Structure formats: C-alpha cells, structure tokens
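Participant: Contents are TSV, C-alpha atoms; file name upload28.tsv:
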```tsv
chain	number	residue	atom	x	y	z
I	1	ILE	CA	71.10	-9.63	44.64
I	2	VAL	CA	71.25	-13.35	44.04
I	3	GLY	CA	68.92	-13.64	41.04
I	4	VAL	CA	65.45	-13.04	39.60
I	5	VAL	CA	62.31	-15.03	40.02
I	6	GLY	CA	59.29	-14.76	37.82
I	7	VAL	CA	55.72	-15.81	38.53
I	8	GLY	CA	53.83	-16.63	35.35
I	9	GLN	CA	50.31	-17.26	34.20
I	10	ASP	CA	49.18	-19.24	31.21
I	11	ILE	CA	47.13	-16.76	29.11
I	12	SER	CA	46.83	-18.92	26.02
I	13	ALA	CA	43.08	-19.35	26.50
I	14	ARG	CA	42.59	-15.61	26.97
I	15	LYS	CA	44.67	-14.80	23.91
I	16	ASN	CA	42.70	-17.33	21.87
I	17	ALA	CA	39.46	-15.80	23.10
I	18	GLU	CA	40.66	-12.30	22.21
I	19	THR	CA	41.63	-13.53	18.76
I	20	ARG	CA	38.19	-15.05	18.26
I	21	VAL	CA	36.50	-11.85	19.42
I	22	SER	CA	38.67	-9.80	17.06
I	23	MET	CA	37.80	-12.12	14.19
I	24	LEU	CA	34.07	-11.90	15.01
I	25	ALA	CA	34.28	-8.12	15.20
I	26	ALA	CA	36.03	-8.02	11.81
I	27	ASP	CA	33.41	-10.32	10.30
I	28	LEU	CA	30.62	-8.19	11.76
I	29	ARG	CA	32.21	-5.02	10.39
I	30	LEU	CA	32.50	-6.63	6.95
I	31	LEU	CA	28.89	-7.79	7.13
I	32	ILE	CA	27.65	-4.31	8.07
I	33	ASP	CA	29.71	-2.50	5.46
I	34	SER	CA	28.87	-4.84	2.60
I	35	ALA	CA	25.20	-5.42	3.46
I	36	ASN	CA	22.74	-4.75	0.64
I	37	ALA	CA	20.61	-2.70	3.03
I	38	PRO	CA	21.23	0.67	4.68
I	39	ILE	CA	22.49	0.25	8.26
I	40	ILE	CA	22.54	3.34	10.44
I	41	GLY	CA	23.51	3.72	14.08
I	42	ILE	CA	23.47	6.47	16.70
I	43	ASP	CA	25.01	6.83	20.14
I	44	ALA	CA	23.14	7.74	23.30
I	45	PHE	CA	23.17	11.41	22.27
I	46	GLY	CA	21.62	10.83	18.85
I	47	CYS	CA	24.87	11.32	16.92
I	48	VAL	CA	25.68	9.02	14.01
I	49	ASN	CA	28.24	6.32	14.80
I	50	GLU	CA	27.29	3.72	12.18
I	51	TRP	CA	26.85	4.34	8.44
I	52	ASN	CA	27.44	1.52	6.01
I	53	ASN	CA	28.20	1.58	2.29
I	54	LYS	CA	24.55	1.18	1.28
I	55	ALA	CA	23.50	4.11	3.46
I	56	ALA	CA	26.22	6.17	1.78
I	57	GLU	CA	25.08	5.07	-1.67
I	58	ILE	CA	21.43	5.91	-1.04
I	59	THR	CA	21.96	9.28	0.62
I	60	GLY	CA	25.08	10.47	-1.18
I	61	TYR	CA	26.83	11.17	2.15
I	62	ALA	CA	30.09	9.35	2.87
I	63	LYS	CA	30.60	7.89	6.32
I	64	ASP	CA	33.13	10.52	7.34
I	65	GLU	CA	30.63	13.26	6.43
I	66	VAL	CA	27.96	12.03	8.82
I	67	VAL	CA	29.71	10.37	11.77
I	68	GLY	CA	29.34	12.64	14.79
I	69	CYS	CA	26.45	14.62	13.26
I	70	TYR	CA	22.98	14.61	14.79
I	71	LEU	CA	20.95	12.16	12.74
I	72	VAL	CA	17.50	13.65	13.23
I	73	ARG	CA	18.45	17.32	13.23
I	74	ASP	CA	20.74	17.17	10.21
I	75	PHE	CA	19.24	14.52	7.92
I	76	ILE	CA	15.54	13.94	8.60
I	77	ILE	CA	12.92	16.08	6.83
I	78	ASP	CA	11.17	18.56	9.11
I	79	GLU	CA	7.69	17.01	9.24
I	80	TYR	CA	9.14	13.68	10.40
I	81	LYS	CA	11.70	14.94	12.93
I	82	THR	CA	9.37	14.60	15.93
I	83	ALA	CA	8.14	11.10	14.98
I	84	VAL	CA	11.62	9.72	14.18
I	85	ASN	CA	13.09	11.30	17.29
I	86	GLY	CA	10.35	9.64	19.35
I	87	VAL	CA	11.12	6.21	17.90
I	88	LEU	CA	14.86	6.57	18.50
I	89	HIS	CA	14.27	7.87	22.03
I	90	LYS	CA	12.13	4.82	22.80
I	91	ALA	CA	14.82	2.51	21.45
I	92	LEU	CA	17.37	4.23	23.72
I	93	GLU	CA	15.06	3.29	26.59
I	94	GLY	CA	14.88	-0.32	25.41
I	95	SER	CA	11.57	-0.16	23.51
I	96	GLU	CA	12.30	-1.24	19.94
I	97	THR	CA	10.19	-0.42	16.85
I	98	ASP	CA	9.80	-2.36	13.59
I	99	ASN	CA	9.02	-0.98	10.16
I	100	PHE	CA	8.77	2.74	10.70
I	101	GLU	CA	9.21	5.18	7.85
I	102	PHE	CA	12.42	7.10	7.97
I	103	PRO	CA	12.50	9.83	5.30
I	104	PHE	CA	15.95	11.20	4.49
I	105	VAL	CA	17.16	14.26	2.66
I	106	THR	CA	20.02	13.21	0.37
I	107	LYS	CA	23.12	15.26	-0.31
I	108	SER	CA	21.55	16.44	-3.57
I	109	GLY	CA	18.41	17.58	-1.72
I	110	GLU	CA	16.16	14.72	-2.81
I	111	ARG	CA	13.91	12.76	-0.49
I	112	VAL	CA	14.41	9.03	-0.02
I	113	GLU	CA	12.09	6.79	1.96
I	114	ILE	CA	13.65	4.19	4.27
I	115	LEU	CA	11.69	1.54	6.15
I	116	LEU	CA	13.72	0.90	9.30
I	117	ASN	CA	13.82	-1.33	12.35
I	118	ALA	CA	15.16	0.51	15.41
I	119	THR	CA	17.08	-1.94	17.61
I	120	THR	CA	18.54	-1.11	21.02
I	121	ARG	CA	22.32	-1.49	21.23
I	122	ARG	CA	23.76	-2.76	24.52
I	123	ASP	CA	27.24	-3.37	25.90
I	124	THR	CA	28.39	-6.58	27.60
I	125	THR	CA	26.86	-5.45	30.90
I	126	GLY	CA	23.47	-4.83	29.31
I	127	LYS	CA	23.74	-1.06	29.42
I	128	VAL	CA	22.15	0.76	26.47
I	129	PHE	CA	24.70	2.77	24.51
I	130	GLY	CA	22.89	3.47	21.26
I	131	VAL	CA	20.52	2.37	18.52
I	132	VAL	CA	21.18	0.56	15.26
I	133	GLY	CA	18.72	0.41	12.40
I	134	VAL	CA	18.64	-1.95	9.42
I	135	GLY	CA	16.53	-0.51	6.65
I	136	GLN	CA	15.07	-0.95	3.21
I	137	ASP	CA	14.92	1.71	0.52
I	138	ILE	CA	11.22	1.98	-0.35
I	139	THR	CA	11.42	5.19	-2.38
I	140	GLU	CA	10.40	3.55	-5.66
I	141	LEU	CA	7.72	1.52	-3.88
I	142	LYS	CA	6.22	4.70	-2.41
I	143	ARG	CA	6.30	6.39	-5.80
I	144	GLY	CA	4.58	3.37	-7.32
I	145	GLN	CA	1.92	3.42	-4.60
I	146	ALA	CA	1.35	7.13	-5.16
I	147	GLU	CA	0.96	6.54	-8.89
I	148	LEU	CA	-1.47	3.67	-8.28
I	149	THR	CA	-3.50	5.89	-5.95
I	150	ARG	CA	-3.59	8.62	-8.60
I	151	VAL	CA	-4.73	6.17	-11.28
I	152	ALA	CA	-7.36	4.70	-8.94
I	153	ASN	CA	-8.67	8.19	-8.13
I	154	ASP	CA	-8.79	9.06	-11.83
I	155	LEU	CA	-10.64	5.83	-12.57
I	156	GLN	CA	-13.14	6.47	-9.79
I	157	LEU	CA	-13.71	9.99	-11.09
I	158	LEU	CA	-14.20	8.61	-14.60
I	159	ILE	CA	-16.75	6.09	-13.33
I	160	GLU	CA	-18.62	8.69	-11.29
I	161	THR	CA	-18.84	11.28	-14.07
I	162	ALA	CA	-19.38	8.92	-17.01
I	163	ASN	CA	-22.40	9.69	-19.19
I	164	ALA	CA	-23.42	6.04	-18.98
I	165	PRO	CA	-24.83	3.97	-16.13
I	166	ILE	CA	-22.13	1.87	-14.45
I	167	PHE	CA	-23.07	-0.86	-12.00
I	168	GLY	CA	-20.91	-3.25	-10.03
I	169	ILE	CA	-21.45	-6.27	-7.80
I	170	ASP	CA	-19.22	-8.33	-5.53
I	171	THR	CA	-18.94	-12.12	-5.66
I	172	SER	CA	-22.15	-12.44	-3.62
I	173	GLY	CA	-24.15	-10.35	-6.07
I	174	PHE	CA	-24.37	-7.30	-3.81
I	175	VAL	CA	-24.01	-3.82	-5.31
I	176	ASN	CA	-20.59	-2.20	-4.76
I	177	GLU	CA	-20.54	0.24	-7.69
I	178	TRP	CA	-23.31	2.68	-8.69
I	179	ASN	CA	-22.38	5.85	-10.50
I	180	ARG	CA	-24.24	9.14	-10.86
I	181	LYS	CA	-25.81	8.20	-14.19
I	182	ALA	CA	-27.16	4.98	-12.68
I	183	ALA	CA	-28.61	7.04	-9.85
I	184	ALA	CA	-30.13	9.55	-12.31
I	185	ILE	CA	-31.76	6.82	-14.43
I	186	THR	CA	-33.17	4.78	-11.56
I	187	GLY	CA	-33.82	7.45	-8.92
I	188	PHE	CA	-31.92	5.37	-6.35
I	189	SER	CA	-28.91	7.09	-4.79
I	190	ARG	CA	-25.65	5.23	-4.28
I	191	GLU	CA	-26.29	5.06	-0.53
I	192	GLU	CA	-29.67	3.40	-1.09
I	193	VAL	CA	-28.34	0.55	-3.22
I	194	MET	CA	-24.88	-0.24	-1.86
I	195	GLY	CA	-24.81	-3.69	-0.29
I	196	LYS	CA	-28.19	-4.68	-1.72
I	197	ASP	CA	-28.84	-7.73	-3.91
I	198	LEU	CA	-28.84	-6.26	-7.42
I	199	VAL	CA	-30.93	-8.92	-9.16
I	200	ARG	CA	-33.54	-9.56	-6.46
I	201	ARG	CA	-34.06	-5.92	-5.50
I	202	PHE	CA	-33.82	-4.01	-8.78
I	203	ILE	CA	-34.39	-6.32	-11.77
I	204	THR	CA	-37.89	-6.94	-13.10
I	205	PRO	CA	-39.10	-10.46	-12.16
I	206	GLU	CA	-39.25	-11.90	-15.68
I	207	TYR	CA	-35.58	-11.04	-16.22
I	208	GLN	CA	-34.16	-12.02	-12.84
I	209	ASP	CA	-33.14	-15.54	-13.89
I	210	SER	CA	-31.53	-14.51	-17.18
I	211	VAL	CA	-29.68	-11.52	-15.68
I	212	GLY	CA	-28.61	-13.66	-12.72
I	213	GLU	CA	-27.20	-16.23	-15.16
I	214	VAL	CA	-25.23	-13.60	-17.08
I	215	LEU	CA	-23.73	-12.20	-13.86
I	216	HIS	CA	-22.98	-15.71	-12.60
I	217	LYS	CA	-21.07	-16.47	-15.81
I	218	ALA	CA	-19.10	-13.22	-15.48
I	219	LEU	CA	-18.17	-14.23	-11.93
I	220	GLN	CA	-16.66	-17.37	-13.49
I	221	GLY	CA	-14.73	-15.34	-16.07
I	222	GLU	CA	-17.19	-15.65	-18.97
I	223	GLU	CA	-18.12	-12.12	-20.02
I	224	THR	CA	-21.23	-11.06	-21.95
I	225	ALA	CA	-21.74	-8.04	-24.21
I	226	ASN	CA	-24.99	-6.20	-24.99
I	227	PHE	CA	-27.55	-7.99	-22.88
I	228	GLU	CA	-30.78	-6.34	-21.81
I	229	PHE	CA	-30.89	-5.31	-18.22
I	230	PRO	CA	-34.38	-4.08	-17.22
I	231	LEU	CA	-34.39	-2.12	-13.97
I	232	TYR	CA	-37.13	-0.84	-11.72
I	233	THR	CA	-36.82	2.85	-10.85
I	234	LYS	CA	-37.60	4.25	-7.45
I	235	ASP	CA	-40.97	5.39	-8.84
I	236	GLY	CA	-41.80	1.86	-9.97
I	237	GLU	CA	-41.19	2.51	-13.64
I	238	ARG	CA	-39.22	0.20	-15.86
I	239	VAL	CA	-36.06	1.35	-17.64
I	240	GLU	CA	-34.25	-0.70	-20.24
I	241	VAL	CA	-30.46	-0.81	-20.04
I	242	LEU	CA	-28.17	-2.49	-22.57
I	243	LEU	CA	-25.19	-3.71	-20.56
I	244	ASN	CA	-21.77	-5.30	-20.95
I	245	ALA	CA	-20.89	-7.59	-18.02
I	246	THR	CA	-17.14	-7.53	-17.41
I	247	THR	CA	-15.33	-9.71	-14.88
I	248	ARG	CA	-13.56	-7.71	-12.18
I	249	ARG	CA	-10.25	-9.06	-10.91
I	250	SER	CA	-7.84	-8.25	-8.10
I	251	ALA	CA	-4.16	-7.49	-8.61
I	252	THR	CA	-3.45	-11.22	-8.24
I	253	GLY	CA	-6.02	-12.16	-10.90
I	254	ALA	CA	-8.64	-13.45	-8.49
I	255	ILE	CA	-12.23	-12.67	-9.50
I	256	VAL	CA	-13.72	-10.15	-7.07
I	257	GLY	CA	-16.91	-9.17	-8.86
I	258	VAL	CA	-18.53	-7.88	-12.02
I	259	VAL	CA	-18.75	-4.37	-13.43
I	260	GLY	CA	-21.22	-3.37	-16.10
I	261	VAL	CA	-21.18	-0.31	-18.36
I	262	GLY	CA	-24.59	0.31	-19.85
I	263	GLN	CA	-26.71	2.39	-22.18
I	264	ASN	CA	-30.23	3.58	-21.44
I	265	ILE	CA	-32.31	2.22	-24.35
I	266	THR	CA	-35.74	2.85	-22.83
I	267	GLU	CA	-36.76	5.41	-25.46
I	268	LEU	CA	-35.29	3.28	-28.22
I	269	LYS	CA	-37.38	0.29	-27.09
I	270	ARG	CA	-40.51	2.43	-26.90
I	271	GLY	CA	-39.85	3.70	-30.42
I	272	GLN	CA	-39.40	0.17	-31.70
I	273	ALA	CA	-42.60	-0.91	-29.98
I	274	GLU	CA	-44.46	2.00	-31.55
I	275	LEU	CA	-43.14	1.17	-35.03
I	276	THR	CA	-44.19	-2.44	-34.55
I	277	ARG	CA	-47.67	-1.33	-33.51
I	278	VAL	CA	-48.00	0.92	-36.52
```
Show how you would write the structure in this file as structure tokens.

Facilitator:
Amino acid sequence: IVGVVGVGQDISARKNAETRVSMLAADLRLLIDSANAPIIGIDAFGCVNEWNNKAAEITGYAKDEVVGCYLVRDFIIDEYKTAVNGVLHKALEGSETDNFEFPFVTKSGERVEILLNATTRRDTTGKVFGVVGVGQDITELKRGQAELTRVANDLQLLIETANAPIFGIDTSGFVNEWNRKAAAITGFSREEVMGKDLVRRFITPEYQDSVGEVLHKALQGEETANFEFPLYTKDGERVEVLLNATTRRSATGAIVGVVGVGQNITELKRGQAELTRV
C-alpha cells in the first residue's frame, strides 16, 4: 500500500437544488396547513393523506384521526357516497371536476356542505398517485338558500290563496302573476293569461291609457295606490277592481315588474250608481 487516491465530484449545484426543493416543500406545507379553506387529499386507494387545519376545524376530526381512513366510506353521508366516489375515481384517471358538493359528517354527527375542486395529483414522472381537493364551506350558504326557498314558497302560497285579486306584469307589460281570486273574478285561468299583454287584452278601452300610465310609472319606481282597474271577464262582462300598483324589484334592486293587490268593487260601484240614479 503506497497511499489513497480519491475521485471527487462537485455536488454543490445538486445540494443547492435539494435545498431549494426542501424550502419549496416546506413553504407548500405551510401554505396547505394555514390555508383559510379546507384542503383534503387521498391516495390511489381512496385513503386520506392530506387534511389541513381548516378541514380539521370544520369537521372536528384532527389530522391523525383521519389519515389512512377511507374518505368516502368513513366520512361522506350515505346518499352522496356513490356520486363523490365517482368524482374521485374520475380524478384518479386524470379527469378533474370543479365545484361539486361534498357533504361531510362531522365528529359531532352534524352535516357540513363543502364545495370542492377535485384535482389529479401526479409525481415527477406524470404518474397519478392521488387526488387533492381545495374546498369552500357552504353550509351557511345552503341553509340560507333553503330558508329563502321556504320563504318564497310561503309567499307564493299566500299570493295563490289570498282572498283578493293579485296581478303581476314584467317590464314589457306581460302578465306573470295571476292568483286564484283573479281567475275567479275574471273567469280567465292563470294558463290563459300568462304572457299576455295585460292592458291591451284585459282592460276596457276607455281605461287602457290611464292604466297603462300607472303601470308605466310603477315600472319607473313611482307607485300608485287605489286606482280603478276595470277588467273584462271571459264572458265579456266588466268588473271593477281597486288596485295598488307596487314596483317589483330583484335582489339587486333592479326593477323587474309590477305587482298589484286589488279589491273587487263591482257591487260597490253598482250600488253607488243606483243611489245616484235614485
């Protein structure tokens, strides 16, 4: 033995690259964990391998309680298991899905609604190894929508069963509201009047201009109370309705039409005419 020889390689660039990759991975981990949105991931077998702080907060399950568990089988409510499983299966085949509802059962047994994007996860060679989803908790939004639907249904029922004629038109003057009392007074069913020009088809000629003017003002935001609204019935008779014209607005405040709640004053007018005659 006369000595030792060593053959070296400069790996500074590789070490620098590894350091940068480690720093990026740490930054990504911090971003995932601290994100103000639930982030959930599964491996190729459907087992949880990603569960950030927000997901834990929303569901009540800590990360160590869910990692390795089957996401769909253990945490998705029964009626959605097939649909969610289908979305995740597609993502594992490379077909991603945006904005699908992802209902969870929390640790306390409550239901939370998550709107999720299912994104395919790939390694450096392009091979699919899982799915990651970034979500939004829409539980309160869904509750609000359900409440709005209930209120809308109650309002529609109130309109339909009201003991007063209720008419509505859109911004073009076409009928879009016609309750049972309006149908009973005029003889025209809802189906017969919907989409028809209210003034030209159902108002007596001598009142068409004045009624048209009142409705036009309401479509500009100027409402009118207690104006006479003479209608032709299906039998050709004239009925007198005392109406309030109220501007109808969308959720954004845009004018979308006019609704009128009326009172049938036909008999009252006949009585007044008779008293005048006498």

Participant: Name the residues in contact with stretch 246-263 of chain I at a cut-off of 6 Å, using all atoms listed in the file, excluding same-chain residues fewer than 3 positions from it; report them as a PDB file with C-alpha atoms, keeping the file's coordinate frame.

Facilitator:
```pdb
ATOM      1  CA  ALA I 164     -23.420   6.040 -18.980  1.00  0.00           C
ATOM      2  CA  PRO I 165     -24.830   3.970 -16.130  1.00  0.00           C
ATOM      3  CA  ILE I 166     -22.130   1.870 -14.450  1.00  0.00           C
ATOM      4  CA  PHE I 167     -23.070  -0.860 -12.000  1.00  0.00           C
ATOM      5  CA  GLY I 168     -20.910  -3.250 -10.030  1.00  0.00           C
ATOM      6  CA  ILE I 169     -21.450  -6.270  -7.800  1.00  0.00           C
ATOM      7  CA  ASP I 170     -19.220  -8.330  -5.530  1.00  0.00           C
ATOM      8  CA  THR I 171     -18.940 -12.120  -5.660  1.00  0.00           C
ATOM      9  CA  ALA I 218     -19.100 -13.220 -15.480  1.00  0.00           C
ATOM     10  CA  GLY I 221     -14.730 -15.340 -16.070  1.00  0.00           C
ATOM     11  CA  GLU I 223     -18.120 -12.120 -20.020  1.00  0.00           C
ATOM     12  CA  VAL I 241     -30.460  -0.810 -20.040  1.00  0.00           C
ATOM     13  CA  LEU I 242     -28.170  -2.490 -22.570  1.00  0.00           C
ATOM     14  CA  LEU I 243     -25.190  -3.710 -20.560  1.00  0.00           C
TER      15      LEU I 243
END
```

Participant: Leaving out stretch 92-97 of chain I and any residue of its chain fewer than 3 positions from it, which residues lie within 9 Å of it when counting all atoms listed in the file, given as a list in words?

Facilitator: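 Once the nearby chain positions are removed, what remains is Asp43, Ala44, Val87, Leu88, His89, Phe100, Leu116, Asn117, Ala118, Thr119, Thr120, Arg121, Val128, Phe129, Gly130 and Val131 of chain I.
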
Participant: Here is a test: counting all atoms listed in the file, which residue of I:Asp197, I:Asn179, I:Ala245, I:Tyr207 is nearest to I:Leu155?

Facilitator: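 Of I:Asp197, I:Asn179, I:Ala245, I:Tyr207, the one nearest I:Leu155, counting all atoms listed in the file, is I:Asn179.
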
Participant: Fewer than 2 positions away in the same chain doesn't count, so skip those; otherwise give me all residues within 12 Å of I:Cys69, counting all atoms listed in the file, as a list in words.

Facilitator: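 Everything that qualifies: Gly41, Ile42, Asp43, Phe45, Gly46, Cys47, Val48, Asn49, Glu50, Trp51, Tyr61, Lys63, Asp64, Glu65, Val66, Val67, Leu71, Val72, Arg73, Asp74, Phe75 and Ile76 of chain I.
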
Participant: For a quick check of understanding, using only C-alpha atoms, which of I:Thr224, I:Asn153, I:Thr59, I:Thr266 has the smallest distance to I:Ser210?

Facilitator: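 Of all the options, I:Thr224 lies closest to I:Ser210.
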
Participant: Quick one, how far is atom CA of I:Lys81 from atom CA of I:Leu141?

Facilitator: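 The value is 21.9 Å.
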
Participant: Compute the distance from (-41.5, 2.6, -15.0) to each atom, counting only C-alpha atoms, keep the residues with any atom at most 12 Å away, and return them as a list in words; use the coordinates of the file.

Facilitator: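 These residues have at least one counted atom within 12 Å: Ile185, Thr186, Gly187, Phe202, Ile203, Thr204, Pro230, Leu231, Tyr232, Thr233, Lys234, Asp235, Gly236, Glu237, Arg238, Val239, Glu240, Thr266, Glu267 and Arg270 of chain I.
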
Participant: Go ahead and compute the interatomic distance for atom CA of I:Tyr80 and atom CA of I:Ala37, in Å to one decimal.

Facilitator: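 Answer for the atom CA of I:Tyr80 to atom CA of I:Ala37 separation: 21.3 Å.
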
Participant: Would you compute the distance between atom CA of I:Thr139 and atom CA of I:Leu158? Give it in Å to one decimal.

Facilitator: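 Computing it gives 28.6 Å between the two atoms.
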
Participant: Identify which of the residues I:Val2, I:Ile114, I:Val134, I:Ala91 lies closest to I:Asn52, counting only C-alpha atoms when measuring atom-to-atom distances.

Facilitator: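 Residue with the minimum atom-to-atom distance to I:Asn52: I:Val134.
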